[in-house]
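Visitor: This structure is in structure tokens; I'll ask about it shortly.
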Amino acid sequence: MERVDANLIPFAKNNPSGYRFAFGTNTATDDINANYNDNIKKGWGTTPNEFPEVEDFNAMAYTSSYLTAYLYQMGIAEWNNKQNYRINSRVIASDGNSYESLTGTSETPNTGNNPLSDLVNWKSLEAGS
């Protein structure tokens, strides 16, 4: 694989209004928090003889590629108190520095522990720390 040589933007970002809604809704929005909703977590809600709407395909691809573009931009994501982290996960804290999780498994993730104030669950990756 090779790195894409482009400014990565979400799929269907420039889609005309009305052809991409937040997944499972009739609301057109670029807000990632509205697009990453309970409907997208459930997935398709169709029966075997039904097909998802094109707007839902656009919503799914928009949300997935938005998250990819975000990671291309950030490199390492900012710490989020709702995210489940595992041992060796890396984040950027609000001080702009990188931290690595010292704890966390699938069964007991490192969640809600701020790397700036929690030296039991996080270590700084900055030189001299």
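Following the order of the structure tokens, first chain is A, next is B, and so on, with residues numbered from 1 inside each chain and ligands from 1 in the order they appear.
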Could you pull out all residues of stretch 35-128 of chain A with a DSSP call of helix (DSSP H, G or I) and give them as a list of chain:residue names?
Guide: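 Of stretch 35-128 of chain A, only A:Asn35, A:Asp38, A:Asn39, A:Ile40, A:Lys41, A:Lys42, A:Val54, A:Glu55, A:Asp56, A:Phe57, A:Asn58, A:Ala59, A:Met60, A:Ala61, A:Tyr62, A:Thr63, A:Ser64, A:Ser65, A:Tyr66, A:Leu67, A:Thr68, A:Ala69, A:Tyr70, A:Leu71, A:Tyr72, A:Gln73, A:Met74 fall in helix (DSSP H, G or I).
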Visitor: Quick one: everything within 12 Å of A:Glu107, counting only C-alpha atoms, minus sequence neighbours fewer than 4 positions away in the same chain. Send it as an NGL selection string.
Guide: :A and (84-87 or 103 or 111)
Visitor: Would you mind listing what lies within 12 Å of A:Ser101 as a PDB file with N, CA, C and O atoms, in the first residue's frame, with only C-alpha atoms counted and same-chain residues fewer than 5 positions away left out?
Guide:
ATOM      1  N   TRP A  79      -7.031  12.873  23.458  1.00  0.00           N
ATOM      2  CA  TRP A  79      -7.644  12.066  24.510  1.00  0.00           C
ATOM      3  C   TRP A  79      -9.113  12.429  24.627  1.00  0.00           C
ATOM      4  O   TRP A  79      -9.504  13.586  24.533  1.00  0.00           O
ATOM      5  N   ASN A  84     -12.561   4.048  25.185  1.00  0.00           N
ATOM      6  CA  ASN A  84     -11.936   2.926  25.888  1.00  0.00           C
ATOM      7  C   ASN A  84     -10.522   2.740  25.343  1.00  0.00           C
ATOM      8  O   ASN A  84     -10.354   2.401  24.177  1.00  0.00           O
ATOM      9  N   TYR A  85      -9.523   2.952  26.200  1.00  0.00           N
ATOM     10  CA  TYR A  85      -8.126   2.780  25.793  1.00  0.00           C
ATOM     11  C   TYR A  85      -7.585   1.476  26.366  1.00  0.00           C
ATOM     12  O   TYR A  85      -8.046   0.990  27.399  1.00  0.00           O
ATOM     13  N   ARG A  86      -6.619   0.924  25.667  1.00  0.00           N
ATOM     14  CA  ARG A  86      -5.970  -0.303  26.100  1.00  0.00           C
ATOM     15  C   ARG A  86      -4.481  -0.031  26.298  1.00  0.00           C
ATOM     16  O   ARG A  86      -3.975   1.008  25.875  1.00  0.00           O
ATOM     17  N   ILE A  87      -3.791  -0.962  26.892  1.00  0.00           N
ATOM     18  CA  ILE A  87      -2.349  -0.834  27.112  1.00  0.00           C
ATOM     19  C   ILE A  87      -1.682  -0.467  25.781  1.00  0.00           C
ATOM     20  O   ILE A  87      -1.982  -1.043  24.729  1.00  0.00           O
ATOM     21  N   ASN A  88      -0.805   0.520  25.818  1.00  0.00           N
ATOM     22  CA  ASN A  88      -0.027   1.035  24.691  1.00  0.00           C
ATOM     23  C   ASN A  88      -0.804   1.971  23.759  1.00  0.00           C
ATOM     24  O   ASN A  88      -0.249   2.419  22.758  1.00  0.00           O
ATOM     25  N   SER A  89      -2.085   2.261  24.056  1.00  0.00           N
ATOM     26  CA  SER A  89      -2.800   3.271  23.265  1.00  0.00           C
ATOM     27  C   SER A  89      -2.091   4.605  23.449  1.00  0.00           C
ATOM     28  O   SER A  89      -1.558   4.892  24.518  1.00  0.00           O
ATOM     29  N   ARG A  90      -2.092   5.419  22.405  1.00  0.00           N
ATOM     30  CA  ARG A  90      -1.444   6.726  22.489  1.00  0.00           C
ATOM     31  C   ARG A  90      -2.442   7.834  22.188  1.00  0.00           C
ATOM     32  O   ARG A  90      -3.322   7.672  21.346  1.00  0.00           O
ATOM     33  N   VAL A  91      -2.268   8.945  22.906  1.00  0.00           N
ATOM     34  CA  VAL A  91      -3.167  10.085  22.754  1.00  0.00           C
ATOM     35  C   VAL A  91      -2.372  11.380  22.840  1.00  0.00           C
ATOM     36  O   VAL A  91      -1.231  11.397  23.310  1.00  0.00           O
ATOM     37  N   ILE A  92      -3.024  12.461  22.421  1.00  0.00           N
ATOM     38  CA  ILE A  92      -2.525  13.813  22.653  1.00  0.00           C
ATOM     39  C   ILE A  92      -3.431  14.401  23.735  1.00  0.00           C
ATOM     40  O   ILE A  92      -4.654  14.428  23.579  1.00  0.00           O
ATOM     41  N   ALA A  93      -2.846  14.862  24.821  1.00  0.00           N
ATOM     42  CA  ALA A  93      -3.628  15.466  25.902  1.00  0.00           C
ATOM     43  C   ALA A  93      -3.835  16.949  25.616  1.00  0.00           C
ATOM     44  O   ALA A  93      -3.274  17.502  24.660  1.00  0.00           O
ATOM     45  N   PRO A 109     -11.124  -1.532  30.286  1.00  0.00           N
ATOM     46  CA  PRO A 109     -10.390  -0.493  29.561  1.00  0.00           C
ATOM     47  C   PRO A 109     -10.021   0.690  30.453  1.00  0.00           C
ATOM     48  O   PRO A 109     -10.613   0.908  31.510  1.00  0.00           O
ATOM     49  N   ASN A 110      -9.037   1.420  30.026  1.00  0.00           N
ATOM     50  CA  ASN A 110      -8.624   2.670  30.666  1.00  0.00           C
ATOM     51  C   ASN A 110      -9.567   3.751  30.126  1.00  0.00           C
ATOM     52  O   ASN A 110      -9.389   4.247  29.026  1.00  0.00           O
ATOM     53  N   THR A 111     -10.592   4.094  30.884  1.00  0.00           N
ATOM     54  CA  THR A 111     -11.617   5.036  30.432  1.00  0.00           C
ATOM     55  C   THR A 111     -11.802   6.135  31.462  1.00  0.00           C
ATOM     56  O   THR A 111     -11.944   5.846  32.656  1.00  0.00           O
ATOM     57  N   GLY A 112     -11.830   7.391  31.001  1.00  0.00           N
ATOM     58  CA  GLY A 112     -12.106   8.519  31.878  1.00  0.00           C
ATOM     59  C   GLY A 112     -10.931   8.968  32.720  1.00  0.00           C
ATOM     60  O   GLY A 112     -11.075   9.865  33.538  1.00  0.00           O
ATOM     61  N   ASN A 113      -9.769   8.356  32.549  1.00  0.00           N
ATOM     62  CA  ASN A 113      -8.579   8.715  33.322  1.00  0.00           C
ATOM     63  C   ASN A 113      -7.744   9.712  32.520  1.00  0.00           C
ATOM     64  O   ASN A 113      -7.146   9.352  31.522  1.00  0.00           O
ATOM     65  N   ASN A 114      -7.718  10.957  32.968  1.00  0.00           N
ATOM     66  CA  ASN A 114      -7.046  12.031  32.241  1.00  0.00           C
ATOM     67  C   ASN A 114      -5.529  11.860  32.309  1.00  0.00           C
ATOM     68  O   ASN A 114      -4.960  11.801  33.404  1.00  0.00           O
ATOM     69  N   PRO A 115      -4.853  11.791  31.169  1.00  0.00           N
ATOM     70  CA  PRO A 115      -3.402  11.596  31.170  1.00  0.00           C
ATOM     71  C   PRO A 115      -2.633  12.719  31.859  1.00  0.00           C
ATOM     72  O   PRO A 115      -1.519  12.506  32.331  1.00  0.00           O
ATOM     73  N   LEU A 116      -3.212  13.914  31.946  1.00  0.00           N
ATOM     74  CA  LEU A 116      -2.517  15.023  32.607  1.00  0.00           C
ATOM     75  C   LEU A 116      -2.417  14.835  34.113  1.00  0.00           C
ATOM     76  O   LEU A 116      -1.470  15.313  34.738  1.00  0.00           O
ATOM     77  N   ASP A 118      -3.256  11.635  35.779  1.00  0.00           N
ATOM     78  CA  ASP A 118      -3.284  10.228  36.188  1.00  0.00           C
ATOM     79  C   ASP A 118      -1.989   9.533  35.787  1.00  0.00           C
ATOM     80  O   ASP A 118      -1.850   9.060  34.662  1.00  0.00           O
ATOM     81  N   LEU A 119      -1.048   9.479  36.719  1.00  0.00           N
ATOM     82  CA  LEU A 119       0.253   8.856  36.437  1.00  0.00           C
ATOM     83  C   LEU A 119       0.234   7.346  36.631  1.00  0.00           C
ATOM     84  O   LEU A 119       1.206   6.671  36.320  1.00  0.00           O
ATOM     85  N   VAL A 120      -0.877   6.798  37.131  1.00  0.00           N
ATOM     86  CA  VAL A 120      -1.012   5.349  37.295  1.00  0.00           C
ATOM     87  C   VAL A 120      -1.378   4.706  35.969  1.00  0.00           C
ATOM     88  O   VAL A 120      -0.857   3.652  35.614  1.00  0.00           O
ATOM     89  N   ASN A 121      -2.271   5.363  35.197  1.00  0.00           N
ATOM     90  CA  ASN A 121      -2.769   4.786  33.948  1.00  0.00           C
ATOM     91  C   ASN A 121      -2.086   5.332  32.701  1.00  0.00           C
ATOM     92  O   ASN A 121      -2.254   4.770  31.629  1.00  0.00           O
ATOM     93  N   TRP A 122      -1.334   6.428  32.828  1.00  0.00           N
ATOM     94  CA  TRP A 122      -0.704   7.065  31.668  1.00  0.00           C
ATOM     95  C   TRP A 122       0.746   7.449  31.954  1.00  0.00           C
ATOM     96  O   TRP A 122       1.090   7.775  33.086  1.00  0.00           O
ATOM     97  N   LYS A 123       1.566   7.445  30.910  1.00  0.00           N
ATOM     98  CA  LYS A 123       2.928   7.990  31.022  1.00  0.00           C
ATOM     99  C   LYS A 123       3.134   8.943  29.857  1.00  0.00           C
ATOM    100  O   LYS A 123       2.647   8.734  28.744  1.00  0.00           O
ATOM    101  N   SER A 124       3.892   9.991  30.117  1.00  0.00           N
ATOM    102  CA  SER A 124       4.223  10.961  29.091  1.00  0.00           C
ATOM    103  C   SER A 124       5.242  10.380  28.136  1.00  0.00           C
ATOM    104  O   SER A 124       6.154   9.650  28.564  1.00  0.00           O
ATOM    105  N   LEU A 125       5.127  10.708  26.873  1.00  0.00           N
ATOM    106  CA  LEU A 125       6.096  10.255  25.871  1.00  0.00           C
ATOM    107  C   LEU A 125       7.044  11.383  25.473  1.00  0.00           C
ATOM    108  O   LEU A 125       7.869  11.220  24.571  1.00  0.00           O
TER     109      LEU A 125
END
Visitor: Tell me, as a list in words, which residues lie within 6 Å of A:Phe21, counting only C-alpha atoms; anything in the same chain fewer than 2 positions away does not count.
Guide: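 These residues fall inside the cut-off: Phe23, Asn26, Thr27, Ala28, Glu55 and Ala59 of chain A.
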Visitor: Output C-alpha atoms of each residue in that selection to a file, as a CSV table (one decimal), in the first residue's frame.
Guide:
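result.csv, written as the output of this step:
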chain,number,residue,atom,x,y,z
A,23,PHE,CA,-27.3,7.7,9.2
A,26,ASN,CA,-33.6,12.8,7.3
A,27,THR,CA,-31.2,15.4,8.6
A,28,ALA,CA,-28.4,16.7,6.3
A,55,GLU,CA,-28.4,8.4,1.6
A,59,ALA,CA,-23.8,8.6,5.5
Visitor: Considering only C-alpha atoms, return as a ChimeraX atom specification whatever protein or nucleic-acid residues lie within 12 Å of A:Phe57, sequence-local ones (same chain, fewer than 2 positions apart) excluded.
Guide: /A:11-12,19-24,40,43-44,51-55,59-64
Visitor: Which one is closest to A:Asn97: A:Asn15, A:Leu71, A:Glu126, A:Asn39? Count only C-alpha atoms.
Guide: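 With only C-alpha atoms as the atom set, the closest residue is A:Glu126.
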Visitor: Step one, run DSSP on the backbone; step two, keep only residues of chain A assigned to strand (DSSP E or B); then write them as a ChimeraX atom specification.
Guide: /A:78,85,90-92,98-101,110,122-124
Visitor: In Å, how far is it from atom CA of A:Tyr36 to atom CA of A:Asp5?
Guide: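 Result for atom CA of A:Tyr36 versus atom CA of A:Asp5: 26.9 Å, one decimal.
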Visitor: Check the smallest atom-to-atom distance from each of A:Asn14, A:Ser94, A:Val4, A:Lys41 to A:Asn81 using only C-alpha atoms, then report the winner.
Guide: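 Nearest candidate to A:Asn81 out of A:Asn14, A:Ser94, A:Val4, A:Lys41: A:Ser94.
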Visitor: For atom CA of A:Arg3 and atom CA of A:Ser65, determine how far apart the two atoms are, in Å to one decimal place.
Guide: 14.8 Å
Visitor: What does the distance from atom CA of A:Asn37 to atom CA of A:Gly96 come to in Å, to one decimal?
Guide: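 So the answer is 28.0 Å.
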